[in-house]
file input35.cif (mmCIF, N, CA and C atoms)
data_protein
#
loop_
_atom_site.label_atom_id
_atom_site.label_comp_id
_atom_site.auth_asym_id
_atom_site.auth_seq_id
_atom_site.Cartn_x
_atom_site.Cartn_y
_atom_site.Cartn_z
N MET A 52 166.14 237.36 78.72
CA MET A 52 166.90 236.33 79.39
C MET A 52 166.14 235.82 80.59
N PHE A 53 166.55 234.65 81.07
CA PHE A 53 165.83 234.02 82.18
C PHE A 53 166.79 233.17 83.01
N THR A 54 166.63 233.22 84.33
CA THR A 54 167.34 232.33 85.23
C THR A 54 166.36 231.79 86.26
N GLU A 55 166.52 230.51 86.60
CA GLU A 55 165.70 229.88 87.64
C GLU A 55 166.07 230.40 89.03
N LYS A 56 167.21 231.09 89.15
CA LYS A 56 167.67 231.59 90.45
C LYS A 56 167.01 232.89 90.86
N ALA A 57 166.15 233.41 90.00
CA ALA A 57 165.33 234.59 90.31
C ALA A 57 163.89 234.20 90.04
N PRO A 58 162.95 234.93 90.63
CA PRO A 58 161.53 234.57 90.43
C PRO A 58 161.11 234.67 88.96
N ARG A 59 160.19 233.81 88.61
CA ARG A 59 159.60 233.87 87.28
C ARG A 59 158.80 235.17 87.19
N PRO A 60 158.79 235.80 86.04
CA PRO A 60 157.96 237.00 85.88
C PRO A 60 156.49 236.68 86.15
N ILE A 61 155.80 237.64 86.76
CA ILE A 61 154.37 237.43 87.06
C ILE A 61 153.48 238.06 85.99
N GLY A 62 154.09 238.45 84.89
CA GLY A 62 153.36 239.04 83.77
C GLY A 62 154.13 238.82 82.48
N PRO A 63 153.69 239.44 81.41
CA PRO A 63 154.34 239.27 80.11
C PRO A 63 155.57 240.17 79.94
N TYR A 64 156.63 239.82 80.62
CA TYR A 64 157.90 240.57 80.53
C TYR A 64 159.05 239.64 80.83
N SER A 65 160.26 240.07 80.48
CA SER A 65 161.48 239.30 80.73
C SER A 65 162.08 239.72 82.07
N GLN A 66 162.85 238.84 82.68
CA GLN A 66 163.58 239.22 83.88
C GLN A 66 164.54 240.36 83.56
N ALA A 67 165.15 240.29 82.40
CA ALA A 67 166.07 241.33 81.94
C ALA A 67 166.26 241.19 80.44
N VAL A 68 166.73 242.26 79.83
CA VAL A 68 167.02 242.25 78.40
C VAL A 68 168.43 242.77 78.21
N LEU A 69 169.25 241.99 77.54
CA LEU A 69 170.62 242.38 77.23
C LEU A 69 170.61 243.09 75.88
N ALA A 70 171.12 244.33 75.88
CA ALA A 70 171.19 245.12 74.65
C ALA A 70 172.61 245.64 74.52
N GLY A 71 173.42 244.93 73.76
CA GLY A 71 174.83 245.29 73.67
C GLY A 71 175.47 245.15 75.04
N PRO A 72 176.17 246.17 75.51
CA PRO A 72 176.83 246.08 76.81
C PRO A 72 175.89 246.42 77.98
N PHE A 73 174.62 246.72 77.68
CA PHE A 73 173.66 247.10 78.72
C PHE A 73 172.73 245.95 79.06
N LEU A 74 172.42 245.82 80.35
CA LEU A 74 171.40 244.88 80.82
C LEU A 74 170.33 245.70 81.50
N PHE A 75 169.12 245.61 80.99
CA PHE A 75 167.98 246.33 81.55
C PHE A 75 167.16 245.34 82.36
N GLY A 76 167.19 245.48 83.67
CA GLY A 76 166.50 244.55 84.56
C GLY A 76 165.10 245.01 84.90
N SER A 77 164.14 244.12 84.72
CA SER A 77 162.76 244.42 85.12
C SER A 77 162.68 244.55 86.63
N GLY A 78 161.61 245.16 87.08
CA GLY A 78 161.42 245.32 88.52
C GLY A 78 161.37 243.98 89.23
N GLN A 79 162.13 243.89 90.30
CA GLN A 79 162.13 242.69 91.14
C GLN A 79 161.38 243.00 92.43
N ILE A 80 160.51 242.08 92.80
CA ILE A 80 159.83 242.17 94.09
C ILE A 80 160.34 241.02 94.96
N PRO A 81 160.07 241.05 96.26
CA PRO A 81 160.67 240.06 97.16
C PRO A 81 160.01 238.68 97.13
N ILE A 82 160.09 238.05 95.98
CA ILE A 82 159.59 236.69 95.83
C ILE A 82 160.77 235.73 95.92
N ASP A 83 160.63 234.71 96.72
CA ASP A 83 161.65 233.67 96.83
C ASP A 83 161.51 232.78 95.58
N PRO A 84 162.58 232.67 94.78
CA PRO A 84 162.46 231.88 93.54
C PRO A 84 162.21 230.40 93.78
N GLU A 85 162.56 229.90 94.96
CA GLU A 85 162.34 228.47 95.24
C GLU A 85 160.90 228.16 95.57
N THR A 86 160.23 229.09 96.27
CA THR A 86 158.85 228.84 96.69
C THR A 86 157.82 229.56 95.83
N GLY A 87 158.26 230.63 95.15
CA GLY A 87 157.33 231.44 94.37
C GLY A 87 156.46 232.33 95.23
N LYS A 88 156.81 232.43 96.52
CA LYS A 88 156.01 233.24 97.45
C LYS A 88 156.80 234.45 97.93
N VAL A 89 156.08 235.49 98.34
CA VAL A 89 156.70 236.68 98.93
C VAL A 89 157.34 236.27 100.25
N VAL A 90 158.57 236.74 100.48
CA VAL A 90 159.26 236.41 101.73
C VAL A 90 158.55 237.06 102.90
N GLU A 91 158.60 236.40 104.03
CA GLU A 91 158.01 236.95 105.24
C GLU A 91 158.96 237.97 105.85
N GLY A 92 158.41 238.88 106.62
CA GLY A 92 159.23 239.86 107.30
C GLY A 92 158.95 241.26 106.82
N GLY A 93 159.77 242.18 107.31
CA GLY A 93 159.59 243.59 107.02
C GLY A 93 160.45 244.06 105.85
N ILE A 94 160.67 245.35 105.82
CA ILE A 94 161.40 245.97 104.71
C ILE A 94 162.81 245.42 104.58
N GLU A 95 163.48 245.13 105.68
CA GLU A 95 164.86 244.63 105.58
C GLU A 95 164.91 243.26 104.93
N GLU A 96 164.04 242.37 105.33
CA GLU A 96 164.01 241.03 104.72
C GLU A 96 163.60 241.12 103.26
N GLN A 97 162.63 241.96 102.97
CA GLN A 97 162.17 242.10 101.59
C GLN A 97 163.25 242.74 100.72
N THR A 98 163.97 243.72 101.27
CA THR A 98 165.05 244.36 100.51
C THR A 98 166.14 243.34 100.19
N ARG A 99 166.52 242.56 101.17
CA ARG A 99 167.57 241.55 100.96
C ARG A 99 167.16 240.57 99.86
N ARG A 100 165.90 240.12 99.86
CA ARG A 100 165.43 239.17 98.83
C ARG A 100 165.46 239.81 97.45
N VAL A 101 165.01 241.06 97.35
CA VAL A 101 165.01 241.76 96.07
C VAL A 101 166.44 241.86 95.54
N LEU A 102 167.38 242.24 96.39
CA LEU A 102 168.76 242.42 95.93
C LEU A 102 169.41 241.08 95.60
N GLU A 103 169.05 240.02 96.28
CA GLU A 103 169.55 238.69 95.92
C GLU A 103 168.98 238.27 94.57
N ASN A 104 167.72 238.60 94.31
CA ASN A 104 167.12 238.30 93.00
C ASN A 104 167.86 239.06 91.90
N ILE A 105 168.16 240.32 92.15
CA ILE A 105 168.90 241.12 91.17
C ILE A 105 170.28 240.52 90.93
N LYS A 106 170.96 240.12 91.99
CA LYS A 106 172.27 239.48 91.83
C LYS A 106 172.17 238.25 90.93
N ALA A 107 171.14 237.45 91.11
CA ALA A 107 170.96 236.24 90.30
C ALA A 107 170.77 236.57 88.83
N VAL A 108 169.99 237.60 88.55
CA VAL A 108 169.77 238.02 87.15
C VAL A 108 171.08 238.52 86.55
N LEU A 109 171.81 239.31 87.31
CA LEU A 109 173.10 239.82 86.84
C LEU A 109 174.07 238.68 86.55
N GLU A 110 174.16 237.73 87.48
CA GLU A 110 175.09 236.60 87.30
C GLU A 110 174.73 235.79 86.06
N ALA A 111 173.45 235.63 85.79
CA ALA A 111 173.03 234.88 84.60
C ALA A 111 173.49 235.57 83.32
N ALA A 112 173.69 236.89 83.41
CA ALA A 112 174.15 237.66 82.25
C ALA A 112 175.67 237.86 82.27
N GLY A 113 176.36 237.21 83.20
CA GLY A 113 177.81 237.37 83.30
C GLY A 113 178.23 238.69 83.91
N MET A 114 177.38 239.25 84.74
CA MET A 114 177.66 240.53 85.38
C MET A 114 177.55 240.40 86.90
N GLY A 115 177.84 241.49 87.59
CA GLY A 115 177.72 241.53 89.04
C GLY A 115 177.20 242.88 89.48
N LEU A 116 177.00 243.02 90.78
CA LEU A 116 176.49 244.28 91.32
C LEU A 116 177.39 245.46 90.96
N GLU A 117 178.67 245.21 90.80
CA GLU A 117 179.61 246.29 90.46
C GLU A 117 179.34 246.86 89.07
N ASP A 118 178.56 246.15 88.25
CA ASP A 118 178.24 246.61 86.91
C ASP A 118 176.95 247.43 86.85
N VAL A 119 176.24 247.51 87.96
CA VAL A 119 174.99 248.27 88.00
C VAL A 119 175.30 249.76 87.98
N VAL A 120 174.69 250.47 87.03
CA VAL A 120 174.94 251.90 86.90
C VAL A 120 173.75 252.76 87.31
N CYS A 121 172.55 252.18 87.35
CA CYS A 121 171.37 252.95 87.71
C CYS A 121 170.32 252.04 88.33
N VAL A 122 169.66 252.53 89.37
CA VAL A 122 168.65 251.78 90.09
C VAL A 122 167.44 252.69 90.32
N THR A 123 166.25 252.13 90.17
CA THR A 123 165.04 252.83 90.56
C THR A 123 164.36 252.00 91.64
N VAL A 124 164.04 252.66 92.75
CA VAL A 124 163.44 252.00 93.90
C VAL A 124 162.02 252.54 94.09
N PHE A 125 161.08 251.63 94.20
CA PHE A 125 159.69 251.99 94.46
C PHE A 125 159.34 251.47 95.85
N LEU A 126 159.16 252.37 96.79
CA LEU A 126 158.81 252.00 98.17
C LEU A 126 157.33 252.26 98.39
N LYS A 127 156.68 251.35 99.06
CA LYS A 127 155.27 251.55 99.40
C LYS A 127 155.13 252.63 100.47
N ASP A 128 156.17 252.77 101.32
CA ASP A 128 156.14 253.76 102.40
C ASP A 128 157.54 254.35 102.59
N LEU A 129 157.68 255.65 102.37
CA LEU A 129 158.99 256.28 102.53
C LEU A 129 159.50 256.24 103.96
N LYS A 130 158.66 255.89 104.91
CA LYS A 130 159.13 255.70 106.29
C LYS A 130 160.11 254.53 106.35
N ASP A 131 160.11 253.67 105.35
CA ASP A 131 161.04 252.53 105.29
C ASP A 131 162.38 252.91 104.66
N PHE A 132 162.53 254.16 104.25
CA PHE A 132 163.72 254.61 103.52
C PHE A 132 165.02 254.31 104.28
N GLU A 133 165.08 254.64 105.55
CA GLU A 133 166.31 254.43 106.33
C GLU A 133 166.65 252.94 106.46
N ALA A 134 165.66 252.13 106.78
CA ALA A 134 165.90 250.69 106.91
C ALA A 134 166.29 250.08 105.57
N PHE A 135 165.65 250.53 104.51
CA PHE A 135 166.01 250.07 103.17
C PHE A 135 167.48 250.40 102.89
N ASN A 136 167.87 251.63 103.16
CA ASN A 136 169.25 252.06 102.90
C ASN A 136 170.27 251.24 103.67
N ARG A 137 169.95 250.83 104.88
CA ARG A 137 170.89 250.01 105.67
C ARG A 137 171.23 248.72 104.92
N VAL A 138 170.23 248.04 104.41
CA VAL A 138 170.46 246.80 103.67
C VAL A 138 171.08 247.09 102.32
N TYR A 139 170.56 248.06 101.61
CA TYR A 139 171.05 248.43 100.28
C TYR A 139 172.55 248.72 100.32
N SER A 140 172.99 249.43 101.36
CA SER A 140 174.41 249.81 101.46
C SER A 140 175.31 248.60 101.67
N GLU A 141 174.78 247.49 102.15
CA GLU A 141 175.57 246.26 102.28
C GLU A 141 175.90 245.71 100.88
N TYR A 142 175.01 245.90 99.94
CA TYR A 142 175.17 245.38 98.58
C TYR A 142 175.93 246.34 97.68
N PHE A 143 175.77 247.63 97.92
CA PHE A 143 176.42 248.65 97.11
C PHE A 143 177.27 249.54 98.00
N SER A 144 178.30 248.96 98.60
CA SER A 144 179.12 249.70 99.56
C SER A 144 180.17 250.59 98.88
N GLU A 145 180.64 250.19 97.71
CA GLU A 145 181.64 250.99 96.98
C GLU A 145 181.09 251.39 95.63
N ASN A 146 181.32 252.61 95.24
CA ASN A 146 180.87 253.13 93.95
C ASN A 146 179.40 252.80 93.68
N PRO A 147 178.50 253.23 94.57
CA PRO A 147 177.09 252.90 94.36
C PRO A 147 176.57 253.52 93.07
N PRO A 148 175.59 252.86 92.46
CA PRO A 148 175.02 253.38 91.21
C PRO A 148 174.17 254.62 91.46
N ALA A 149 173.85 255.32 90.37
CA ALA A 149 172.86 256.39 90.45
C ALA A 149 171.55 255.75 90.89
N ARG A 150 170.72 256.53 91.60
CA ARG A 150 169.50 255.92 92.12
C ARG A 150 168.40 256.95 92.27
N THR A 151 167.18 256.52 92.01
CA THR A 151 165.98 257.30 92.29
C THR A 151 165.10 256.46 93.19
N THR A 152 164.54 257.08 94.22
CA THR A 152 163.63 256.38 95.13
C THR A 152 162.34 257.17 95.22
N VAL A 153 161.22 256.49 95.00
CA VAL A 153 159.92 257.14 95.08
C VAL A 153 158.96 256.29 95.90
N GLN A 154 157.98 256.96 96.49
CA GLN A 154 156.90 256.25 97.17
C GLN A 154 155.78 256.04 96.17
N VAL A 155 155.20 254.86 96.21
CA VAL A 155 154.09 254.53 95.30
C VAL A 155 152.87 254.11 96.11
N ALA A 156 151.70 254.18 95.49
CA ALA A 156 150.45 253.86 96.18
C ALA A 156 150.32 252.37 96.49
N ASP A 157 150.81 251.53 95.58
CA ASP A 157 150.68 250.09 95.79
C ASP A 157 151.66 249.37 94.87
N LEU A 158 151.92 248.11 95.20
CA LEU A 158 152.83 247.29 94.41
C LEU A 158 152.24 245.90 94.25
N PRO A 159 152.68 245.13 93.25
CA PRO A 159 152.15 243.78 93.06
C PRO A 159 152.29 242.93 94.33
N LYS A 160 151.29 242.14 94.59
CA LYS A 160 151.26 241.19 95.70
C LYS A 160 151.39 241.87 97.07
N GLY A 161 151.16 243.18 97.13
CA GLY A 161 151.18 243.90 98.40
C GLY A 161 152.55 244.03 99.03
N VAL A 162 153.62 243.88 98.24
CA VAL A 162 154.98 243.95 98.79
C VAL A 162 155.34 245.38 99.17
N LYS A 163 156.45 245.51 99.91
CA LYS A 163 156.90 246.81 100.40
C LYS A 163 157.79 247.56 99.42
N LEU A 164 158.36 246.85 98.43
CA LEU A 164 159.24 247.52 97.48
C LEU A 164 159.36 246.75 96.18
N GLU A 165 159.78 247.48 95.17
CA GLU A 165 160.15 246.91 93.87
C GLU A 165 161.36 247.70 93.39
N VAL A 166 162.32 247.00 92.78
CA VAL A 166 163.55 247.64 92.33
C VAL A 166 163.88 247.17 90.92
N ASN A 167 164.16 248.13 90.02
CA ASN A 167 164.68 247.76 88.71
C ASN A 167 166.07 248.35 88.56
N PHE A 168 166.78 247.95 87.50
CA PHE A 168 168.17 248.38 87.37
C PHE A 168 168.61 248.39 85.92
N ILE A 169 169.71 249.11 85.70
CA ILE A 169 170.42 249.07 84.44
C ILE A 169 171.88 248.76 84.78
N ALA A 170 172.45 247.78 84.10
CA ALA A 170 173.87 247.45 84.29
C ALA A 170 174.60 247.62 82.97
N TYR A 171 175.91 247.83 83.07
CA TYR A 171 176.74 248.05 81.89
C TYR A 171 178.06 247.30 82.08
N LYS A 172 178.44 246.56 81.07
CA LYS A 172 179.73 245.87 81.10
C LYS A 172 180.32 245.87 79.69
N GLU A 173 181.52 246.42 79.58
CA GLU A 173 182.16 246.44 78.26
C GLU A 173 182.37 245.01 77.79
N GLN A 174 182.17 244.84 76.49
CA GLN A 174 182.31 243.48 75.93
C GLN A 174 183.67 243.24 75.40
#

call {"tool": "encode", "arguments": {"input": "input35.cif", "output": "structure tokens"}}
result
Amino acid sequence: MFTEKAPRPIGPYSQAVLAGPFLFGSGQIPIDPETGKVVEGGIEEQTRRVLENIKAVLEAAGMGLEDVVCVTVFLKDLKDFEAFNRVYSEYFSENPPARTTVQVADLPKGVKLEVNFIAYKEQ
């Protein structure tokens, strides 16, 4: 699936794939879909952009953040964990999904984080 409200994939993959009641979202990095550029700022600004991109992909599939059941977070620096969580908790304040967070050596375009997700909605 594809929506113009989220960044175009930077490689040979889909923004997300709907498989029955499950939506498997590819990793989102903090690219502004209007400019195609990485947003300026630190981890908080980048986290907000990533989560807005995820919201756009979910909405295109007729879902919302409340349908997200699992998230994987790739941080370039675990020192950003607390600041990331502050923003993340604004988006997932009730019934947050299962989540794994890991530090990675590098990410595309030198960004501070990448997040993928799995959502579920009964049909």

call {"tool": "resolve_selection", "arguments": {"input": "input35.cif", "expression": "the PyMOL selection byres (((chain A and resi 82 and name CA) around 10) and name CA)", "output": "number ranges by chain"}}
result
A: 57-59, 79-81, 83-91, 97, 100-101, 104, 160, 162

call {"tool": "residues_near_point", "arguments": {"input": "input35.cif", "point": "(163.2, 249.6, 95.6)", "cutoff": "6.5 Å", "atoms": "all atoms listed in the file", "output": "list in words"}}
result
Thr123, Val124, Phe125, Leu126, Leu164, Glu165, Val166 and Asn167 of chain A

call {"tool": "residues_near_point", "arguments": {"input": "input35.cif", "point": "(165.5, 234.8, 82.7)", "cutoff": "8 Å", "atoms": "only N, CA and C atoms", "output": "PyMOL selection string"}}
result
chain A and resi 52-60+65-67+108+111

call {"tool": "write_last_selection", "arguments": {"input": "input35.cif", "atoms": "N, CA and C atoms", "output": "CSV table (one decimal), in the frame of the given file"}}
result
chain,number,residue,atom,x,y,z
A,52,MET,N,166.1,237.4,78.7
A,52,MET,CA,166.9,236.3,79.4
A,52,MET,C,166.1,235.8,80.6
A,53,PHE,N,166.6,234.6,81.1
A,53,PHE,CA,165.8,234.0,82.2
A,53,PHE,C,166.8,233.2,83.0
A,54,THR,N,166.6,233.2,84.3
A,54,THR,CA,167.3,232.3,85.2
A,54,THR,C,166.4,231.8,86.3
A,55,GLU,N,166.5,230.5,86.6
A,55,GLU,CA,165.7,229.9,87.6
A,55,GLU,C,166.1,230.4,89.0
A,56,LYS,N,167.2,231.1,89.2
A,56,LYS,CA,167.7,231.6,90.4
A,56,LYS,C,167.0,232.9,90.9
A,57,ALA,N,166.2,233.4,90.0
A,57,ALA,CA,165.3,234.6,90.3
A,57,ALA,C,163.9,234.2,90.0
A,58,PRO,N,163.0,234.9,90.6
A,58,PRO,CA,161.5,234.6,90.4
A,58,PRO,C,161.1,234.7,89.0
A,59,ARG,N,160.2,233.8,88.6
A,59,ARG,CA,159.6,233.9,87.3
A,59,ARG,C,158.8,235.2,87.2
A,60,PRO,N,158.8,235.8,86.0
A,60,PRO,CA,158.0,237.0,85.9
A,60,PRO,C,156.5,236.7,86.2
A,65,SER,N,160.3,240.1,80.5
A,65,SER,CA,161.5,239.3,80.7
A,65,SER,C,162.1,239.7,82.1
A,66,GLN,N,162.8,238.8,82.7
A,66,GLN,CA,163.6,239.2,83.9
A,66,GLN,C,164.5,240.4,83.6
A,67,ALA,N,165.2,240.3,82.4
A,67,ALA,CA,166.1,241.3,81.9
A,67,ALA,C,166.3,241.2,80.4
A,108,VAL,N,170.0,237.6,88.6
A,108,VAL,CA,169.8,238.0,87.2
A,108,VAL,C,171.1,238.5,86.6
A,111,ALA,N,173.4,235.6,85.8
A,111,ALA,CA,173.0,234.9,84.6
A,111,ALA,C,173.5,235.6,83.3

call {"tool": "residues_around", "arguments": {"input": "input35.cif", "residues": "Gly71 in chain A", "least_positions_apart": "4", "cutoff": "8 Å", "atoms": "only N, CA and C atoms", "output": "mmCIF file with N, CA and C atoms, in the frame of the given file"}}
result
data_model
loop_
_atom_site.group_PDB
_atom_site.id
_atom_site.type_symbol
_atom_site.label_atom_id
_atom_site.label_comp_id
_atom_site.auth_asym_id
_atom_site.auth_seq_id
_atom_site.Cartn_x
_atom_site.Cartn_y
_atom_site.Cartn_z
ATOM 1 N N TYR A 171 175.910 247.830 83.070
ATOM 2 C CA TYR A 171 176.740 248.050 81.890
ATOM 3 C C TYR A 171 178.060 247.300 82.080
ATOM 4 N N LYS A 172 178.440 246.560 81.070
ATOM 5 C CA LYS A 172 179.730 245.870 81.100
ATOM 6 C C LYS A 172 180.320 245.870 79.690
ATOM 7 N N GLU A 173 181.520 246.420 79.580
ATOM 8 C CA GLU A 173 182.160 246.440 78.260
ATOM 9 C C GLU A 173 182.370 245.010 77.790
ATOM 10 N N GLN A 174 182.170 244.840 76.490
ATOM 11 C CA GLN A 174 182.310 243.480 75.930
ATOM 12 C C GLN A 174 183.670 243.240 75.400
#

call {"tool": "select_by_dssp", "arguments": {"input": "input35.cif", "residues": "chain A", "states": "alpha helix (DSSP H)", "output": "number ranges by chain"}}
result
A: 94-111, 132-142

call {"tool": "closest_residue", "arguments": {"input": "input35.cif", "among": "A:Thr152, A:Ser144, A:Ser77, A:Thr98", "to": "Leu129 in chain A", "atoms": "only C-alpha atoms"}}
result
A:Thr152

call {"tool": "select_by_dssp", "arguments": {"input": "input35.cif", "residues": "chain A", "states": "strand (DSSP E)", "output": "ChimeraX atom specification"}}
result
/A:67-70,73-79,119-126,149-154,164-171

call {"tool": "write_last_selection", "arguments": {"input": "input35.cif", "atoms": "N, CA and C atoms", "output": "compact mmCIF listing (two decimals), in the coordinates of the input"}}
result
# COMPACT_ATOMS: atom_id res chain seq x y z
N ALA A 67 165.15 240.29 82.40
CA ALA A 67 166.07 241.33 81.94
C ALA A 67 166.26 241.19 80.44
N VAL A 68 166.73 242.26 79.83
CA VAL A 68 167.02 242.25 78.40
C VAL A 68 168.43 242.77 78.21
N LEU A 69 169.25 241.99 77.54
CA LEU A 69 170.62 242.38 77.23
C LEU A 69 170.61 243.09 75.88
N ALA A 70 171.12 244.33 75.88
CA ALA A 70 171.19 245.12 74.65
C ALA A 70 172.61 245.64 74.52
N PHE A 73 174.62 246.72 77.68
CA PHE A 73 173.66 247.10 78.72
C PHE A 73 172.73 245.95 79.06
N LEU A 74 172.42 245.82 80.35
CA LEU A 74 171.40 244.88 80.82
C LEU A 74 170.33 245.70 81.50
N PHE A 75 169.12 245.61 80.99
CA PHE A 75 167.98 246.33 81.55
C PHE A 75 167.16 245.34 82.36
N GLY A 76 167.19 245.48 83.67
CA GLY A 76 166.50 244.55 84.56
C GLY A 76 165.10 245.01 84.90
N SER A 77 164.14 244.12 84.72
CA SER A 77 162.76 244.42 85.12
C SER A 77 162.68 244.55 86.63
N GLY A 78 161.61 245.16 87.08
CA GLY A 78 161.42 245.32 88.52
C GLY A 78 161.37 243.98 89.23
N GLN A 79 162.13 243.89 90.30
CA GLN A 79 162.13 242.69 91.14
C GLN A 79 161.38 243.00 92.43
N VAL A 119 176.24 247.51 87.96
CA VAL A 119 174.99 248.27 88.00
C VAL A 119 175.30 249.76 87.98
N VAL A 120 174.69 250.47 87.03
CA VAL A 120 174.94 251.90 86.90
C VAL A 120 173.75 252.76 87.31
N CYS A 121 172.55 252.18 87.35
CA CYS A 121 171.37 252.95 87.71
C CYS A 121 170.32 252.04 88.33
N VAL A 122 169.66 252.53 89.37
CA VAL A 122 168.65 251.78 90.09
C VAL A 122 167.44 252.69 90.32
N THR A 123 166.25 252.13 90.17
CA THR A 123 165.04 252.83 90.56
C THR A 123 164.36 252.00 91.64
N VAL A 124 164.04 252.66 92.75
CA VAL A 124 163.44 252.00 93.90
C VAL A 124 162.02 252.54 94.09
N PHE A 125 161.08 251.63 94.20
CA PHE A 125 159.69 251.99 94.46
C PHE A 125 159.34 251.47 95.85
N LEU A 126 159.16 252.37 96.79
CA LEU A 126 158.81 252.00 98.17
C LEU A 126 157.33 252.26 98.39
N ALA A 149 173.85 255.32 90.37
CA ALA A 149 172.86 256.39 90.45
C ALA A 149 171.55 255.75 90.89
N ARG A 150 170.72 256.53 91.60
CA ARG A 150 169.50 255.92 92.12
C ARG A 150 168.40 256.95 92.27
N THR A 151 167.18 256.52 92.01
CA THR A 151 165.98 257.30 92.29
C THR A 151 165.10 256.46 93.19
N THR A 152 164.54 257.08 94.22
CA THR A 152 163.63 256.38 95.13
C THR A 152 162.34 257.17 95.22
N VAL A 153 161.22 256.49 95.00
CA VAL A 153 159.92 257.14 95.08
C VAL A 153 158.96 256.29 95.90
N GLN A 154 157.98 256.96 96.49
CA GLN A 154 156.90 256.25 97.17
C GLN A 154 155.78 256.04 96.17
N LEU A 164 158.36 246.85 98.43
CA LEU A 164 159.24 247.52 97.48
C LEU A 164 159.36 246.75 96.18
N GLU A 165 159.78 247.48 95.17
CA GLU A 165 160.15 246.91 93.87
C GLU A 165 161.36 247.70 93.39
N VAL A 166 162.32 247.00 92.78
CA VAL A 166 163.55 247.64 92.33
C VAL A 166 163.88 247.17 90.92
N ASN A 167 164.16 248.13 90.02
CA ASN A 167 164.68 247.76 88.71
C ASN A 167 166.07 248.35 88.56
N PHE A 168 166.78 247.95 87.50
CA PHE A 168 168.17 248.38 87.37
C PHE A 168 168.61 248.39 85.92
N ILE A 169 169.71 249.11 85.70
CA ILE A 169 170.42 249.07 84.44
C ILE A 169 171.88 248.76 84.78
N ALA A 170 172.45 247.78 84.10
CA ALA A 170 173.87 247.45 84.29
C ALA A 170 174.60 247.62 82.97
N TYR A 171 175.91 247.83 83.07
CA TYR A 171 176.74 248.05 81.89
C TYR A 171 178.06 247.30 82.08

call {"tool": "residues_around", "arguments": {"input": "input35.cif", "residues": "Glu133 in chain A", "least_positions_apart": "6", "cutoff": "10 Å", "atoms": "only C-alpha atoms", "output": "ChimeraX atom specification"}}
result
/A:94-95,139

call {"tool": "atom_distance", "arguments": {"input": "input35.cif", "atom1": "atom C of Leu74 in chain A", "atom2": "atom N of Arg137 in chain A"}}
result
23.9 Å

call {"tool": "closest_residue", "arguments": {"input": "input35.cif", "among": "A:Gly161, A:Pro63, A:Pro147, A:Gly78", "to": "Cys121 in chain A", "atoms": "all atoms listed in the file"}}
result
A:Pro147

call {"tool": "atom_distance", "arguments": {"input": "input35.cif", "atom1": "atom N of Asp128 in chain A", "atom2": "atom C of Lys163 in chain A"}}
result
5.8 Å

call {"tool": "atom_distance", "arguments": {"input": "input35.cif", "atom1": "CA of Gly92 in chain A", "atom2": "CA of Lys106 in chain A"}}
result
20.2 Å

call {"tool": "decode", "arguments": {"input": "input35.cif", "residues": "range 76-88 of chain A", "atoms": "N, CA and C atoms", "output": "mmCIF file, in the first residue's frame"}}
result
data_model
loop_
_atom_site.group_PDB
_atom_site.id
_atom_site.type_symbol
_atom_site.label_atom_id
_atom_site.label_comp_id
_atom_site.auth_asym_id
_atom_site.auth_seq_id
_atom_site.Cartn_x
_atom_site.Cartn_y
_atom_site.Cartn_z
ATOM 1 N N GLY A 76 3.970 -2.565 8.933
ATOM 2 C CA GLY A 76 4.546 -1.305 8.491
ATOM 3 C C GLY A 76 6.053 -1.363 8.396
ATOM 4 N N SER A 77 6.579 -0.938 7.252
ATOM 5 C CA SER A 77 8.032 -0.849 7.086
ATOM 6 C C SER A 77 8.589 0.226 8.002
ATOM 7 N N GLY A 78 9.882 0.167 8.220
ATOM 8 C CA GLY A 78 10.525 1.167 9.069
ATOM 9 C C GLY A 78 10.335 2.567 8.524
ATOM 10 N N GLN A 79 9.932 3.462 9.404
ATOM 11 C CA GLN A 79 9.786 4.872 9.045
ATOM 12 C C GLN A 79 10.934 5.649 9.671
ATOM 13 N N ILE A 80 11.532 6.514 8.867
ATOM 14 C CA ILE A 80 12.541 7.432 9.373
ATOM 15 C C ILE A 80 11.960 8.843 9.284
ATOM 16 N N PRO A 81 12.589 9.818 9.931
ATOM 17 C CA PRO A 81 11.995 11.158 10.019
ATOM 18 C C PRO A 81 12.128 12.001 8.757
ATOM 19 N N ILE A 82 11.517 11.524 7.696
ATOM 20 C CA ILE A 82 11.481 12.281 6.446
ATOM 21 C C ILE A 82 10.131 12.975 6.345
ATOM 22 N N ASP A 83 10.157 14.245 6.039
ATOM 23 C CA ASP A 83 8.931 15.008 5.817
ATOM 24 C C ASP A 83 8.404 14.621 4.428
ATOM 25 N N PRO A 84 7.173 14.093 4.355
ATOM 26 C CA PRO A 84 6.663 13.647 3.052
ATOM 27 C C PRO A 84 6.477 14.778 2.051
ATOM 28 N N GLU A 85 6.335 16.005 2.527
ATOM 29 C CA GLU A 85 6.148 17.130 1.600
ATOM 30 C C GLU A 85 7.447 17.560 0.943
ATOM 31 N N THR A 86 8.552 17.493 1.690
ATOM 32 C CA THR A 86 9.836 17.956 1.157
ATOM 33 C C THR A 86 10.746 16.821 0.720
ATOM 34 N N GLY A 87 10.500 15.615 1.263
ATOM 35 C CA GLY A 87 11.373 14.485 0.974
ATOM 36 C C GLY A 87 12.698 14.560 1.707
ATOM 37 N N LYS A 88 12.794 15.486 2.667
ATOM 38 C CA LYS A 88 14.040 15.675 3.414
ATOM 39 C C LYS A 88 13.864 15.280 4.873
#
